[in-house]
Structures are given as C-alpha cells and as structure tokens.
Amino acid sequence: MNILIIGFSSIVKRRIIPALEKIDEIEAISISSRKSLTKDMITSKKKVNIYRGYKNAITNCDSSLIYISLPNSMHATWANHALDAGKHVIIDKPATMNLEEAKNLLKKAKQKKLCVAEANVWMYHPMTRKIKKIIDREKGKKQHISAVFTSPPLNPENYRYKKAYGGGILLDRGSYAASCSRIFIEKSPKEVHCHIIKCNKKDIIDISFSISMLYEDGIVFSGFFSLAAEYVNRLSIHGSTYYLDAGRIFTPPADFNGNINLIKNNKKNSICVEAADTFSLFIKDVISAINKKSYSQFAKILFGDTKLLSDIINVATKVN
C-alpha cells in the first residue's frame, strides 16, 4: 500500500514518517506541501514522491490512503476531496471543526465505502491498555478520573493561536477529554461543565480550560488543559479500593517506557510498561481494517468523540 501525506507539519516529520518506516506494508510515501520541499528533506528508506499542490497530489498520486496533517480548519475540506477521489482518509485530531462537518464526512465515506479515521492515538500505548486491565480487574468502583495536559506557550505564529485556522486549546486538546470518557467510562456524561480560564489578547483564542463531567453512576471526570503553564501530562483514576496515575500518557514518545503508580491497601506498586510507537500501531490498525473492508469502528469513534467535544465547546464559558 502507498500513502499520501497532505501537509508537511511538525508531527509529520517527528512522528508520522518514522511510524510509517516501521510498517512493512507501506511501500511508498508521497508528500504534498505548499512549501518548497525536496526528497533530500525526507528521512526515509522507502520510496518517496513529492507533489506540489494538494489537489494535484490527490488527483495524480496512486496512493489508496491519505493522511491529512493541516491546520484544523482545513481538515474537512481536504478530507472531502480525498473521499471524492476514492481514497481512504486519516485525519489529525481534531478531524473536524464541529459535529456537522463530521456527519457530512462520515455520510460520504459510508456511501463510497471508504474509511475515515481520526489520529487520536494515545490509547494505543501499552500503558493505556494496562490501565484498562487494572480497572477491569479491580472490583472497586471508579469514582473520579482526572486528566491534566499543560505546556508552556508555543511560538506566537503557531496555527493554534490563529482563529482562522481553528486554533485554541479546546479544539487542540479537548479531544483528550472526549477520548478519556470513551475509553475509561464508556458512556456519555449527563452533565458537562467547561470554563475557559484564559484567552490571548491578539486573536481572542482560548488558551486554558477546565472541565467537569458527571455520569449517571456518580463517576466524575475533571480536567485542566493549557498552552500557558508548566508541562504536565498525567492521568489519575480514583477507585473505591485503589488509586493509580501515569505520566506522559497522552503523547508518549515512541521510545517511552511507561510507568503506572498503583496504590492499594496503602501500598504503592510501580508497574513498568514497555515502549511502543502509538502512531505506527494506529496506522497498522487502520490498514488492517481497510484490507478487511471493516472500518465502521473508526466512524463510531470519530462521531462519538466529535459529539462530546462539540458539547464541551458549546457549554464553555469564559471566567473573565
């Protein structure tokens, strides 16, 4: 299988291309960028093709799978072009700006019998799967789940600070809150509360937000996400008979050996978890589903996560 990447973003250079190198089924990597790009700028042992212009690449490239890595506001437009050309599509998170865009993409993909998948990949790390096993094994009821993902300010020219490009922390990291709900609670919340704590002055972009979600059985999810704080990337879960937490949960590097701290009966146990390339595992999963012509699970995930993210954005209120 050949793959076409639309956009030459930082994540493409740091994670996507290295992940594709590990997938034997990928024979050639084509890249389309509006910036000047040459083959010697791509580190790959696979065949590399360069295209100028996104539409030209989609029309003329023989790849059956397209990975879209563009500013958020451009995702739906180019995903639609890819589907119209009969290509399967992977889209950087958030896949769309809103639920309506997601519905339209999924409807078209279903009509054309094509796969659309959102690249929210953190749950592919063995650390997440180990946490799931611990939760399922423990008889203590889940009571509170907390997620914190904060980082210092980025370059002011980063698209995340541009309203026209779909910037803002809600779109950038709100998908982590939505996917936490799906993975660890497995049901929709009955109440969602979100507060935008900080905005930038230049483009009125949300920079920090807190969230609280309440579920029917009394479970509470809370989170804090920011582009203006010390770096923290952590998940914690309080059960009635246990507590656990894990760091670097949402963006583990490919060589990251995870560690889960489990406290039970007032005794702490550190559980080491092997490293894994989450992007490579995710893309392999998509390719396997395409080969089997069975990819409805990706549509279900995209719709569910986008629905909850839209709910979060719709109820968000500014604190000051």
# chains A, B, ... in the order shown; residues from 1 in each chain; ligands from 1

$ residues_around --residues "Lys55 (chain A)" --least-positions-apart "3" --cutoff "8 Å" --atoms "only C-alpha atoms" --output "number ranges by chain"
A: 58-59, 81

$ write_last_selection --atoms "N, CA and C atoms" --output "PDB file, in the first residue's frame"
ATOM      1  N   ILE A  58      -3.716  14.675  -4.742  1.00  0.00           N
ATOM      2  CA  ILE A  58      -4.858  13.771  -4.563  1.00  0.00           C
ATOM      3  C   ILE A  58      -5.302  13.187  -5.894  1.00  0.00           C
ATOM      4  N   THR A  59      -5.270  14.006  -6.937  1.00  0.00           N
ATOM      5  CA  THR A  59      -5.727  13.573  -8.259  1.00  0.00           C
ATOM      6  C   THR A  59      -4.750  12.616  -8.926  1.00  0.00           C
ATOM      7  N   HIS A  81     -12.180  16.161  -0.418  1.00  0.00           N
ATOM      8  CA  HIS A  81     -11.510  15.977  -1.716  1.00  0.00           C
ATOM      9  C   HIS A  81     -10.944  14.561  -1.830  1.00  0.00           C
TER      10      HIS A  81
END

$ select_by_dssp --residues "region 162-288 of chain A" --states "helix (DSSP H, G or I)" --output "PyMOL selection string"
chain A and resi 163-165+169-185+278-288

$ residues_around --residues "Ile23 (chain A)" --least-positions-apart "6" --cutoff "10 Å" --atoms "only C-alpha atoms" --output "PyMOL selection string"
chain A and resi 280-281+283-284+287

$ write_last_selection --atoms "N, CA and C atoms" --output "PDB file, in the first residue's frame"
ATOM      1  N   SER A 280       2.453   4.257  14.775  1.00  0.00           N
ATOM      2  CA  SER A 280       2.642   3.075  13.940  1.00  0.00           C
ATOM      3  C   SER A 280       1.561   2.034  14.215  1.00  0.00           C
ATOM      4  N   LEU A 281       1.257   1.805  15.481  1.00  0.00           N
ATOM      5  CA  LEU A 281       0.219   0.828  15.842  1.00  0.00           C
ATOM      6  C   LEU A 281      -1.149   1.261  15.325  1.00  0.00           C
ATOM      7  N   ILE A 283      -1.811   3.313  12.700  1.00  0.00           N
ATOM      8  CA  ILE A 283      -1.870   3.231  11.236  1.00  0.00           C
ATOM      9  C   ILE A 283      -1.958   1.775  10.786  1.00  0.00           C
ATOM     10  N   LYS A 284      -1.239   0.883  11.459  1.00  0.00           N
ATOM     11  CA  LYS A 284      -1.361  -0.551  11.160  1.00  0.00           C
ATOM     12  C   LYS A 284      -2.794  -1.024  11.356  1.00  0.00           C
ATOM     13  N   ILE A 287      -4.879   0.204   8.421  1.00  0.00           N
ATOM     14  CA  ILE A 287      -4.585  -0.573   7.214  1.00  0.00           C
ATOM     15  C   ILE A 287      -5.223  -1.956   7.292  1.00  0.00           C
TER      16      ILE A 287
END

$ residues_around --residues "Tyr295 (chain A)" --least-positions-apart "5" --cutoff "10 Å" --atoms "only C-alpha atoms" --output "compact mmCIF listing (two decimals) with N, CA and C atoms, in the first residue's frame"
# COMPACT_ATOMS: atom_id res chain seq x y z
N LYS A 110 -19.38 6.52 4.08
CA LYS A 110 -20.26 5.35 4.08
C LYS A 110 -20.81 5.08 2.69
N LYS A 113 -18.05 3.69 0.65
CA LYS A 113 -17.42 2.51 1.26
C LYS A 113 -15.93 2.74 1.50
N LEU A 114 -15.65 3.88 2.15
CA LEU A 114 -14.28 4.26 2.45
C LEU A 114 -14.11 4.49 3.95
N CYS A 115 -12.88 4.40 4.40
CA CYS A 115 -12.56 4.59 5.81
C CYS A 115 -12.19 6.04 6.10
N VAL A 116 -12.73 6.58 7.18
CA VAL A 116 -12.28 7.87 7.72
C VAL A 116 -11.93 7.63 9.18
N ALA A 117 -10.70 7.95 9.56
CA ALA A 117 -10.25 7.72 10.93
C ALA A 117 -9.55 8.95 11.46
N ASP A 285 -3.43 -0.54 12.40
CA ASP A 285 -4.82 -0.92 12.69
C ASP A 285 -5.75 -0.43 11.58
N VAL A 286 -5.52 0.78 11.12
CA VAL A 286 -6.33 1.32 10.02
C VAL A 286 -6.13 0.51 8.75
N ILE A 287 -4.88 0.20 8.42
CA ILE A 287 -4.59 -0.57 7.21
C ILE A 287 -5.22 -1.96 7.29
N SER A 288 -5.13 -2.59 8.45
CA SER A 288 -5.76 -3.90 8.64
C SER A 288 -7.26 -3.83 8.41
N ALA A 289 -7.89 -2.78 8.93
CA ALA A 289 -9.34 -2.61 8.76
C ALA A 289 -9.69 -2.38 7.29
N ILE A 290 -8.86 -1.61 6.59
CA ILE A 290 -9.09 -1.36 5.16
C ILE A 290 -8.99 -2.66 4.38
N LYS A 300 -17.47 5.18 14.22
CA LYS A 300 -18.15 5.28 15.52
C LYS A 300 -17.34 6.13 16.49

$ residues_around --residues "region 183-187 of chain A" --least-positions-apart "4" --cutoff "10 Å" --atoms "only C-alpha atoms" --output "number ranges by chain"
A: 123, 128-129, 131-132, 135-136, 142, 145, 178-179, 215-216, 219-221, 237, 304

$ write_last_selection --atoms "C-alpha atoms" --output "PDB file, in the first residue's frame"
ATOM      1  CA  MET A 123      -4.753   4.824  23.695  1.00  0.00           C
ATOM      2  CA  THR A 128      -3.307   2.741  28.450  1.00  0.00           C
ATOM      3  CA  ARG A 129      -4.194  -0.884  27.826  1.00  0.00           C
ATOM      4  CA  ILE A 131      -4.585   0.744  32.966  1.00  0.00           C
ATOM      5  CA  LYS A 132      -7.732  -0.681  31.400  1.00  0.00           C
ATOM      6  CA  ILE A 135      -9.525  -1.145  36.225  1.00  0.00           C
ATOM      7  CA  ASP A 136     -11.334  -4.205  34.884  1.00  0.00           C
ATOM      8  CA  LYS A 142     -14.434   4.083  39.570  1.00  0.00           C
ATOM      9  CA  ILE A 145     -10.882  10.384  36.722  1.00  0.00           C
ATOM     10  CA  ALA A 178     -13.576  13.181  24.990  1.00  0.00           C
ATOM     11  CA  SER A 179     -11.449  10.089  24.390  1.00  0.00           C
ATOM     12  CA  TYR A 215     -22.061  10.436  34.770  1.00  0.00           C
ATOM     13  CA  GLU A 216     -25.215   8.537  35.757  1.00  0.00           C
ATOM     14  CA  ILE A 219     -18.381   8.965  38.264  1.00  0.00           C
ATOM     15  CA  VAL A 220     -16.795  12.381  37.786  1.00  0.00           C
ATOM     16  CA  PHE A 221     -14.243  13.318  35.132  1.00  0.00           C
ATOM     17  CA  ILE A 237      -8.034   7.389  38.487  1.00  0.00           C
ATOM     18  CA  GLY A 304     -18.752   9.872  19.388  1.00  0.00           C
TER      19      GLY A 304
END

$ residues_around --residues "Ile6 (chain A)" --least-positions-apart "2" --cutoff "6 Å" --atoms "only C-alpha atoms" --output "number ranges by chain"
A: 32, 68-69

$ closest_residue --among "A:Ser240, A:Asn2, A:Asn49, A:Glu21" --to "Ser63 (chain A)" --atoms "only C-alpha atoms"
A:Asn2

$ atom_distance --atom1 "CA of Val232 (chain A)" --atom2 "CA of Ile204 (chain A)"
24.2 Å

$ atom_distance --atom1 "CA of Ala299 (chain A)" --atom2 "CA of Phe209 (chain A)"
27.3 Å

$ closest_residue --among "A:Pro71, A:Pro189, A:Gly140, A:Pro152" --to "Tyr165 (chain A)" --atoms "only C-alpha atoms"
A:Pro71

$ closest_residue --among "A:Lys318, A:Lys202, A:Lys307, A:Lys47" --to "Ala95 (chain A)" --atoms "only C-alpha atoms"
A:Lys307

$ atom_distance --atom1 "CA of Thr96 (chain A)" --atom2 "CA of Ala276 (chain A)"
27.1 Å

$ closest_residue --among "A:Ile134, A:Ala275, A:Ile90, A:Ala254" --to "Arg14 (chain A)" --atoms "only C-alpha atoms"
A:Ala254

$ closest_residue --among "A:Val89, A:Leu309, A:Val319, A:Ile260" --to "Lys198 (chain A)" --atoms "only C-alpha atoms"
A:Val319
